[in-house]
Amino acid sequence: MKPYLTILAFGPLLFAGIRAAASEPPISPAHRRALDAPLPSREVDALLQTKPTTAAECFQAAKILAELDRPELAKDFLARILEMEPNREQLAEMANRFGSSVFLDLAARPELNPEAEQLAEAVVAAARHVRRDTGRIEQLIGQLGAPSPAERNRAMLGLLEAGGAAIGPMVQVLADPQREAEHAAVRDALVAMGGTAVDPLMGVLEDAGPELMGQAVRIMAALENEQALPRLLGIAFSPQYDSQLRVATQAAVEHIAGRRPAPADAVRILTEIAREYFEHDQPVRGAVEGRVEWWHWDAERSALEPREEAEDVIRRRLAARLARDAHAIAPGDRDVQHLHLATMLEEAAFEHGLGRPLPIEEGTAAARALEAGPAVLEEVMEEAIRRGHPAVAAAAASLLHKTATGGRAPESAPADPAPESPPDDPAYEAARRAPEADAEPADRPDPAELLIHRGASPSPLVRAAVHPDRRVRMAALESIVALQPNRPFAGSHYVPQSLAFTASTGGGPKALLASPNRQEMLRLAGFLTARGIGVETATNAREMLRLAASSPDYVLLLADSRLANPTIDVALQNLRHEYRSADLRVGVLARADEFRRAEHMVRHDPAALWFAWPRDEAAFAWQFDRLMAIESAHFVPPDERRQMASRAMDLLVEISRPEQRLFEVRATGDVALRALYVPELAERAAVLAGRS
């Protein structure tokens, strides 16, 4: 539309809303000169004759003047608005009247700045605050049931503008049976919000009671959002949910998916997605730089609120929840059971803290895992080791010795209610049948026999005693000793050997430097000593490998790319094949002509990086931080290593008792002598030295 047509079309509306001022607010001399200057345009002259006085009138004038290509005059009116210093409510009203996008459009024009930019920032901030104002949101929710269609529409538009801030209060209305008359209107408003409502409603489906979950299911069905299908499938067929809720959810799934679901389909889909999250093959939707907004329903406060969580936390939570639902539908499916236990233990291990024993009170993840029995738990541990889930393996290994009761559920544990499933679904019925349901307690073997004695080959638990992950090793060693084996078994020598290594601490963290260049090593040693890290050195790869396997205190290894006997790439392979050095973070240091070769050396080693030789302390600090960040969750810090050393010393003292003839402990004498110089170990080391 041409400028003059703009005036003709909107002039009457503009002038009708502008009132004459009794007196003009004071303005600067520069602004007065600009306003009094001769104007070449009759349209501009007519606009200025209206003498805008309020902030809204001045902005209307500035907007039109900007459209008429008179930025110098538009800036004057924008400056007048800023001089008025409108409060938050006035700014929010301007945003509501003109729309925030108009202010942002003007701010994008350089010739109108800085005034346009300052005003846009103030208006947008005020609008955001008002949109999140709970009092205003409650008022809008109340107006959804107003008799006037126009008032209802305004309320709906206000809630849509408030976005996520309005969802929590609306869900609170749905949770209140005293406000049932408002439920239909609130559900319609949530449906109108579309995708914005999906994540909050997923929080309701996870944590709320059956009545509120039913409301969320109805809204999800109306939204027809496929993202909700996995969660809805778990509710639709799991016997832990109310039967009416399950029926309603089955109908919702049918509406969204376009066909009637079957329990076997639900198990397959839930298991597949849970495994993808578990194996990190499925990204978490909405993750930004490793963080996710996660909605949670707090039943005590009757509040639905977002929380910012780490992406890995949400990934573990989703995997555990989906696997739990699949197992509830088909508890007799062994593969589903394994996935359920693994995801549940991993989530619990990270929540409670890696390296800390899991609580085993009734209802905890550990208690539920113990109910599976030693055979299943051992299979879970073995599979976790094979798939690279050390937190699961450590948790399972730590529980194995507690399965002495045969893993049967406590007397007080309620049995799963029978699901309401189609009687003609053979796949589902087969999955429901637990293979060990009819086993009698007398038929179950002694846990020590089952978990340790396996003929000529070491059992999975015994092999775990020399696993590269320190926490897995410690958990396996403690379980083996707690099971009190009373006759020889394959791999029995692993136990004192692994315990001796863990106990042979010098009391503090160390780094290993390997290079024929002693001057360079001395420079790096200074950087490390300043960080409270002790240093040992090697001048060739063979010596480096020997030292790396001699102490549990090394936190990293820095190796010259020109090491020989063997070459550094061969040395790295040997390092990873030795359980005592397999978890070391390795930095390969190269000079300019070795960069490509160094990169090739470490490309298949997830715990190794290559760097140029650091020129100064700042460069070294960056390299050090990058190395220590590798798999940081599974890195065992020095304090925990000292605790492990103390526990290992206790176990060495236990298996060195005079009446014990199963384990050979004579070779632990050197460890005992070394530990005499570590104050917290000295007393027990003296006992061990006397028995070695």
# chains A, B, ... in the order shown; residues from 1 in each chain; ligands from 1
>>> residues_around(residues="Pro230 (chain A)", least_positions_apart="4", cutoff="10 Å", atoms="only C-alpha atoms", output="list of chain:residue names")
A:Glu226, A:Gly234, A:Ile235, A:Ala236, A:Val253, A:Ala266, A:Val267, A:Ile269, A:Leu270, A:Thr271, A:Ile273, A:Ala274, A:Leu322, A:Asp325, A:Ala326
>>> write_last_selection(atoms="N, CA and C atoms", output="short mmCIF file (atom, residue, chain, number, x, y, z; two decimals), in the first residue's frame")
data_model
loop_
_atom_site.label_atom_id
_atom_site.label_comp_id
_atom_site.auth_asym_id
_atom_site.auth_seq_id
_atom_site.Cartn_x
_atom_site.Cartn_y
_atom_site.Cartn_z
N GLU A 226 2.08 -38.24 17.51
CA GLU A 226 2.67 -39.57 17.55
C GLU A 226 3.79 -39.69 18.56
N GLY A 234 2.44 -47.98 26.88
CA GLY A 234 2.75 -48.53 28.19
C GLY A 234 1.57 -48.46 29.14
N ILE A 235 0.83 -47.37 29.08
CA ILE A 235 -0.34 -47.22 29.94
C ILE A 235 -1.46 -48.15 29.48
N ALA A 236 -1.59 -48.31 28.15
CA ALA A 236 -2.72 -49.05 27.59
C ALA A 236 -2.75 -50.51 28.02
N VAL A 253 -4.76 -44.56 21.55
CA VAL A 253 -3.72 -45.08 20.66
C VAL A 253 -4.33 -45.44 19.30
N ALA A 266 2.86 -53.55 21.42
CA ALA A 266 3.32 -52.59 22.42
C ALA A 266 4.66 -53.00 23.00
N VAL A 267 4.81 -54.28 23.34
CA VAL A 267 6.07 -54.78 23.90
C VAL A 267 7.21 -54.56 22.91
N ILE A 269 7.47 -52.39 20.39
CA ILE A 269 7.79 -50.97 20.18
C ILE A 269 8.49 -50.39 21.40
N LEU A 270 7.96 -50.68 22.58
CA LEU A 270 8.56 -50.15 23.80
C LEU A 270 9.99 -50.65 24.00
N THR A 271 10.20 -51.93 23.73
CA THR A 271 11.55 -52.50 23.89
C THR A 271 12.53 -51.89 22.90
N ILE A 273 12.45 -48.91 21.38
CA ILE A 273 12.80 -47.52 21.68
C ILE A 273 13.62 -47.44 22.96
N ALA A 274 13.27 -48.24 23.96
CA ALA A 274 14.05 -48.24 25.21
C ALA A 274 15.49 -48.62 24.94
N LEU A 322 10.42 -46.82 29.61
CA LEU A 322 9.87 -47.61 28.51
C LEU A 322 10.11 -49.10 28.73
N ASP A 325 7.69 -50.38 31.34
CA ASP A 325 6.35 -50.62 30.79
C ASP A 325 6.31 -51.92 29.99
N ALA A 326 7.35 -52.16 29.19
CA ALA A 326 7.39 -53.39 28.39
C ALA A 326 7.42 -54.61 29.30
#
>>> residues_around(residues="His604 (chain A)", least_positions_apart="4", cutoff="12 Å", atoms="only C-alpha atoms", output="JSON, numbers by chain")
{"A": [569, 572, 573, 576, 598, 599, 600, 608, 609, 610]}
>>> write_last_selection(atoms="N, CA and C atoms", output="compact mmCIF listing (two decimals), in the first residue's frame")
# COMPACT_ATOMS: atom_id res chain seq x y z
N ASP A 569 51.86 -46.74 19.01
CA ASP A 569 50.57 -47.32 18.63
C ASP A 569 50.45 -48.76 19.16
N LEU A 572 49.94 -48.58 22.96
CA LEU A 572 48.57 -48.26 23.34
C LEU A 572 47.70 -49.51 23.36
N GLN A 573 47.86 -50.37 22.36
CA GLN A 573 47.09 -51.61 22.34
C GLN A 573 47.42 -52.48 23.55
N ARG A 576 45.75 -51.16 26.71
CA ARG A 576 44.31 -51.44 26.83
C ARG A 576 44.03 -52.91 27.11
N ALA A 598 50.30 -39.10 14.72
CA ALA A 598 49.72 -39.12 16.06
C ALA A 598 48.20 -39.22 16.00
N GLU A 599 47.60 -38.49 15.07
CA GLU A 599 46.15 -38.57 14.91
C GLU A 599 45.71 -39.98 14.54
N HIS A 600 46.49 -40.64 13.68
CA HIS A 600 46.19 -42.01 13.26
C HIS A 600 46.32 -42.98 14.45
N ALA A 608 41.98 -41.78 24.41
CA ALA A 608 43.26 -41.17 24.05
C ALA A 608 43.03 -39.99 23.11
N LEU A 609 43.85 -38.97 23.25
CA LEU A 609 43.84 -37.80 22.38
C LEU A 609 45.28 -37.46 22.00
N TRP A 610 45.43 -36.78 20.88
CA TRP A 610 46.77 -36.34 20.51
C TRP A 610 46.83 -34.82 20.60
>>> select_by_dssp(residues="region 146-311 of chain A", states="strand (DSSP E or B)", output="PyMOL selection string")
chain A and resi 288+291-298+303-310
>>> closest_residue(among="A:Glu346, A:Asp553, A:Glu67, A:Asp593", to="Arg580 (chain A)", atoms="only C-alpha atoms")
A:Asp553
>>> residues_around(residues="region 190-207 of chain A", least_positions_apart="3", cutoff="9 Å", atoms="only C-alpha atoms", output="PDB file with N, CA and C atoms, in the first residue's frame")
ATOM      1  N   MET A 156      -8.737 -17.055  25.165  1.00  0.00           N
ATOM      2  CA  MET A 156      -7.976 -18.086  24.459  1.00  0.00           C
ATOM      3  C   MET A 156      -6.707 -17.504  23.848  1.00  0.00           C
ATOM      4  N   LEU A 159      -4.105 -16.872  26.530  1.00  0.00           N
ATOM      5  CA  LEU A 159      -3.445 -18.099  26.988  1.00  0.00           C
ATOM      6  C   LEU A 159      -2.471 -18.623  25.945  1.00  0.00           C
ATOM      7  N   LEU A 160      -2.853 -18.515  24.672  1.00  0.00           N
ATOM      8  CA  LEU A 160      -1.928 -18.950  23.616  1.00  0.00           C
ATOM      9  C   LEU A 160      -0.669 -18.096  23.623  1.00  0.00           C
ATOM     10  N   GLY A 163       1.656 -19.142  26.352  1.00  0.00           N
ATOM     11  CA  GLY A 163       2.383 -20.355  25.990  1.00  0.00           C
ATOM     12  C   GLY A 163       2.578 -21.293  27.168  1.00  0.00           C
ATOM     13  N   GLY A 164       3.823 -21.780  27.321  1.00  0.00           N
ATOM     14  CA  GLY A 164       4.125 -22.769  28.343  1.00  0.00           C
ATOM     15  C   GLY A 164       3.814 -22.301  29.750  1.00  0.00           C
ATOM     16  N   ILE A 167       0.350 -23.450  30.862  1.00  0.00           N
ATOM     17  CA  ILE A 167      -0.008 -24.872  30.872  1.00  0.00           C
ATOM     18  C   ILE A 167      -0.093 -25.415  32.288  1.00  0.00           C
ATOM     19  N   GLY A 168       0.875 -25.077  33.144  1.00  0.00           N
ATOM     20  CA  GLY A 168       0.834 -25.549  34.523  1.00  0.00           C
ATOM     21  C   GLY A 168      -0.451 -25.158  35.237  1.00  0.00           C
ATOM     22  N   MET A 170      -3.315 -24.398  33.949  1.00  0.00           N
ATOM     23  CA  MET A 170      -4.462 -25.076  33.341  1.00  0.00           C
ATOM     24  C   MET A 170      -4.541 -26.531  33.789  1.00  0.00           C
ATOM     25  N   VAL A 171      -3.398 -27.180  33.910  1.00  0.00           N
ATOM     26  CA  VAL A 171      -3.401 -28.568  34.383  1.00  0.00           C
ATOM     27  C   VAL A 171      -3.851 -28.625  35.841  1.00  0.00           C
ATOM     28  N   ALA A 185     -13.499 -26.639  28.793  1.00  0.00           N
ATOM     29  CA  ALA A 185     -12.918 -25.449  28.179  1.00  0.00           C
ATOM     30  C   ALA A 185     -11.396 -25.457  28.286  1.00  0.00           C
ATOM     31  N   VAL A 186     -10.874 -25.929  29.418  1.00  0.00           N
ATOM     32  CA  VAL A 186      -9.420 -25.989  29.582  1.00  0.00           C
ATOM     33  C   VAL A 186      -8.817 -27.025  28.648  1.00  0.00           C
ATOM     34  N   ARG A 187      -9.476 -28.176  28.498  1.00  0.00           N
ATOM     35  CA  ARG A 187      -8.966 -29.183  27.550  1.00  0.00           C
ATOM     36  C   ARG A 187      -8.924 -28.614  26.140  1.00  0.00           C
ATOM     37  N   PRO A 210      -4.493 -41.443  38.319  1.00  0.00           N
ATOM     38  CA  PRO A 210      -5.275 -41.934  37.185  1.00  0.00           C
ATOM     39  C   PRO A 210      -6.277 -40.923  36.636  1.00  0.00           C
ATOM     40  N   LEU A 212      -6.163 -37.530  36.581  1.00  0.00           N
ATOM     41  CA  LEU A 212      -5.493 -36.496  35.788  1.00  0.00           C
ATOM     42  C   LEU A 212      -4.844 -37.105  34.547  1.00  0.00           C
ATOM     43  N   MET A 213      -4.297 -38.323  34.678  1.00  0.00           N
ATOM     44  CA  MET A 213      -3.734 -38.998  33.503  1.00  0.00           C
ATOM     45  C   MET A 213      -4.813 -39.214  32.438  1.00  0.00           C
ATOM     46  N   GLY A 214      -6.016 -39.547  32.884  1.00  0.00           N
ATOM     47  CA  GLY A 214      -7.111 -39.720  31.937  1.00  0.00           C
ATOM     48  C   GLY A 214      -7.408 -38.444  31.172  1.00  0.00           C
ATOM     49  N   ALA A 216      -5.209 -36.100  30.532  1.00  0.00           N
ATOM     50  CA  ALA A 216      -4.086 -35.912  29.604  1.00  0.00           C
ATOM     51  C   ALA A 216      -4.205 -36.834  28.396  1.00  0.00           C
ATOM     52  N   VAL A 217      -4.685 -38.067  28.616  1.00  0.00           N
ATOM     53  CA  VAL A 217      -4.864 -39.011  27.508  1.00  0.00           C
ATOM     54  C   VAL A 217      -5.874 -38.464  26.501  1.00  0.00           C
ATOM     55  N   ILE A 219      -6.592 -35.363  25.879  1.00  0.00           N
ATOM     56  CA  ILE A 219      -5.994 -34.238  25.144  1.00  0.00           C
ATOM     57  C   ILE A 219      -4.992 -34.752  24.117  1.00  0.00           C
ATOM     58  N   MET A 220      -4.186 -35.727  24.506  1.00  0.00           N
ATOM     59  CA  MET A 220      -3.214 -36.311  23.577  1.00  0.00           C
ATOM     60  C   MET A 220      -3.921 -36.921  22.370  1.00  0.00           C
ATOM     61  N   ALA A 222      -6.739 -35.950  21.093  1.00  0.00           N
ATOM     62  CA  ALA A 222      -7.205 -34.848  20.248  1.00  0.00           C
ATOM     63  C   ALA A 222      -6.044 -34.201  19.490  1.00  0.00           C
ATOM     64  N   LEU A 223      -4.879 -34.144  20.121  1.00  0.00           N
ATOM     65  CA  LEU A 223      -3.704 -33.562  19.458  1.00  0.00           C
ATOM     66  C   LEU A 223      -3.166 -34.455  18.350  1.00  0.00           C
ATOM     67  N   ASN A 225      -0.760 -36.538  18.399  1.00  0.00           N
ATOM     68  CA  ASN A 225       0.696 -36.410  18.352  1.00  0.00           C
ATOM     69  C   ASN A 225       1.340 -37.778  18.527  1.00  0.00           C
ATOM     70  N   GLN A 227       4.340 -38.554  18.981  1.00  0.00           N
ATOM     71  CA  GLN A 227       5.410 -38.580  19.971  1.00  0.00           C
ATOM     72  C   GLN A 227       4.941 -39.248  21.269  1.00  0.00           C
ATOM     73  N   ALA A 228       3.655 -39.139  21.570  1.00  0.00           N
ATOM     74  CA  ALA A 228       3.131 -39.686  22.818  1.00  0.00           C
ATOM     75  C   ALA A 228       2.846 -41.180  22.738  1.00  0.00           C
ATOM     76  N   ARG A 231       4.555 -43.822  25.268  1.00  0.00           N
ATOM     77  CA  ARG A 231       4.062 -43.718  26.645  1.00  0.00           C
ATOM     78  C   ARG A 231       2.627 -44.214  26.750  1.00  0.00           C
ATOM     79  N   LEU A 232       1.810 -43.888  25.766  1.00  0.00           N
ATOM     80  CA  LEU A 232       0.418 -44.325  25.780  1.00  0.00           C
ATOM     81  C   LEU A 232       0.320 -45.846  25.672  1.00  0.00           C
ATOM     82  N   ILE A 235       0.835 -47.367  29.079  1.00  0.00           N
ATOM     83  CA  ILE A 235      -0.341 -47.223  29.940  1.00  0.00           C
ATOM     84  C   ILE A 235      -1.462 -48.152  29.476  1.00  0.00           C
ATOM     85  N   GLU A 293      14.564 -29.462  28.745  1.00  0.00           N
ATOM     86  CA  GLU A 293      13.487 -29.029  29.639  1.00  0.00           C
ATOM     87  C   GLU A 293      12.553 -30.216  29.857  1.00  0.00           C
ATOM     88  N   TRP A 294      12.418 -30.615  31.120  1.00  0.00           N
ATOM     89  CA  TRP A 294      11.640 -31.804  31.468  1.00  0.00           C
ATOM     90  C   TRP A 294      10.545 -31.406  32.446  1.00  0.00           C
ATOM     91  N   TRP A 295       9.293 -31.767  32.110  1.00  0.00           N
ATOM     92  CA  TRP A 295       8.151 -31.388  32.938  1.00  0.00           C
ATOM     93  C   TRP A 295       7.854 -32.476  33.966  1.00  0.00           C
ATOM     94  N   HIS A 296       7.513 -32.023  35.182  1.00  0.00           N
ATOM     95  CA  HIS A 296       7.259 -32.951  36.286  1.00  0.00           C
ATOM     96  C   HIS A 296       6.007 -32.524  37.034  1.00  0.00           C
ATOM     97  N   TRP A 297       5.131 -33.492  37.325  1.00  0.00           N
ATOM     98  CA  TRP A 297       3.932 -33.219  38.109  1.00  0.00           C
ATOM     99  C   TRP A 297       4.223 -33.533  39.577  1.00  0.00           C
ATOM    100  N   ASP A 298       4.107 -32.506  40.403  1.00  0.00           N
ATOM    101  CA  ASP A 298       4.310 -32.646  41.841  1.00  0.00           C
ATOM    102  C   ASP A 298       2.941 -32.813  42.483  1.00  0.00           C
ATOM    103  N   ALA A 299       2.626 -34.043  42.894  1.00  0.00           N
ATOM    104  CA  ALA A 299       1.295 -34.330  43.424  1.00  0.00           C
ATOM    105  C   ALA A 299       1.052 -33.611  44.747  1.00  0.00           C
ATOM    106  N   LEU A 304       2.482 -28.489  38.057  1.00  0.00           N
ATOM    107  CA  LEU A 304       3.227 -29.013  36.909  1.00  0.00           C
ATOM    108  C   LEU A 304       4.267 -27.973  36.528  1.00  0.00           C
ATOM    109  N   GLU A 305       5.539 -28.344  36.614  1.00  0.00           N
ATOM    110  CA  GLU A 305       6.608 -27.373  36.404  1.00  0.00           C
ATOM    111  C   GLU A 305       7.723 -27.961  35.557  1.00  0.00           C
ATOM    112  N   PRO A 306       8.380 -27.112  34.762  1.00  0.00           N
ATOM    113  CA  PRO A 306       9.533 -27.587  33.987  1.00  0.00           C
ATOM    114  C   PRO A 306      10.808 -27.530  34.817  1.00  0.00           C
ATOM    115  N   ARG A 321      11.966 -46.067  31.875  1.00  0.00           N
ATOM    116  CA  ARG A 321      10.505 -46.023  31.899  1.00  0.00           C
ATOM    117  C   ARG A 321       9.902 -46.909  30.825  1.00  0.00           C
TER     118      ARG A 321
END
>>> residues_around(residues="Asn153 (chain A)", least_positions_apart="6", cutoff="10 Å", atoms="only C-alpha atoms", output="PyMOL selection string")
chain A and resi 143-144+146+159
>>> write_last_selection(atoms="C-alpha atoms", output="CSV table (one decimal), in the first residue's frame")
chain,number,residue,atom,x,y,z
A,143,GLN,CA,-12.8,-16.2,31.2
A,144,LEU,CA,-12.7,-19.3,29.1
A,146,ALA,CA,-17.5,-16.5,29.8
A,159,LEU,CA,-3.4,-18.1,27.0
>>> residues_around(residues="Phe501 (chain A)", least_positions_apart="6", cutoff="12 Å", atoms="only C-alpha atoms", output="MDAnalysis selection string")
chainID A and resid 465:466 470 473:474 494:495 548:553 579:581 641 644:646 648:649 652 667:672 674:675
>>> closest_residue(among="A:Phe527, A:Ala320, A:Ser243, A:Asn87", to="Ala618 (chain A)", atoms="only C-alpha atoms")
A:Phe527
>>> atom_distance(atom1="CA of Phe663 (chain A)", atom2="CA of Ala490 (chain A)")
11.7 Å
>>> residues_around(residues="region 102-117 of chain A", least_positions_apart="6", cutoff="6 Å", atoms="only C-alpha atoms", output="PDB file with N, CA, C and O atoms, in the first residue's frame")
ATOM      1  N   LYS A  75      12.392   8.652  14.838  1.00  0.00           N
ATOM      2  CA  LYS A  75      13.281   8.542  15.994  1.00  0.00           C
ATOM      3  C   LYS A  75      12.902   9.543  17.086  1.00  0.00           C
ATOM      4  O   LYS A  75      13.008   9.253  18.277  1.00  0.00           O
ATOM      5  N   LEU A  78      10.093   8.052  19.005  1.00  0.00           N
ATOM      6  CA  LEU A  78      10.579   6.939  19.822  1.00  0.00           C
ATOM      7  C   LEU A  78      11.330   7.462  21.043  1.00  0.00           C
ATOM      8  O   LEU A  78      11.207   6.924  22.149  1.00  0.00           O
ATOM      9  N   ALA A  79      12.093   8.531  20.846  1.00  0.00           N
ATOM     10  CA  ALA A  79      12.818   9.130  21.966  1.00  0.00           C
ATOM     11  C   ALA A  79      11.850   9.711  22.995  1.00  0.00           C
ATOM     12  O   ALA A  79      12.082   9.630  24.214  1.00  0.00           O
TER      13      ALA A  79
END
>>> atom_distance(atom1="CA of Asp446 (chain A)", atom2="CA of His389 (chain A)")
27.4 Å
>>> closest_residue(among="A:Tyr277, A:Tyr554, A:Phe350, A:Phe489", to="His634 (chain A)", atoms="only C-alpha atoms")
A:Phe350
>>> atom_distance(atom1="CA of Val380 (chain A)", atom2="CA of His338 (chain A)")
5.7 Å
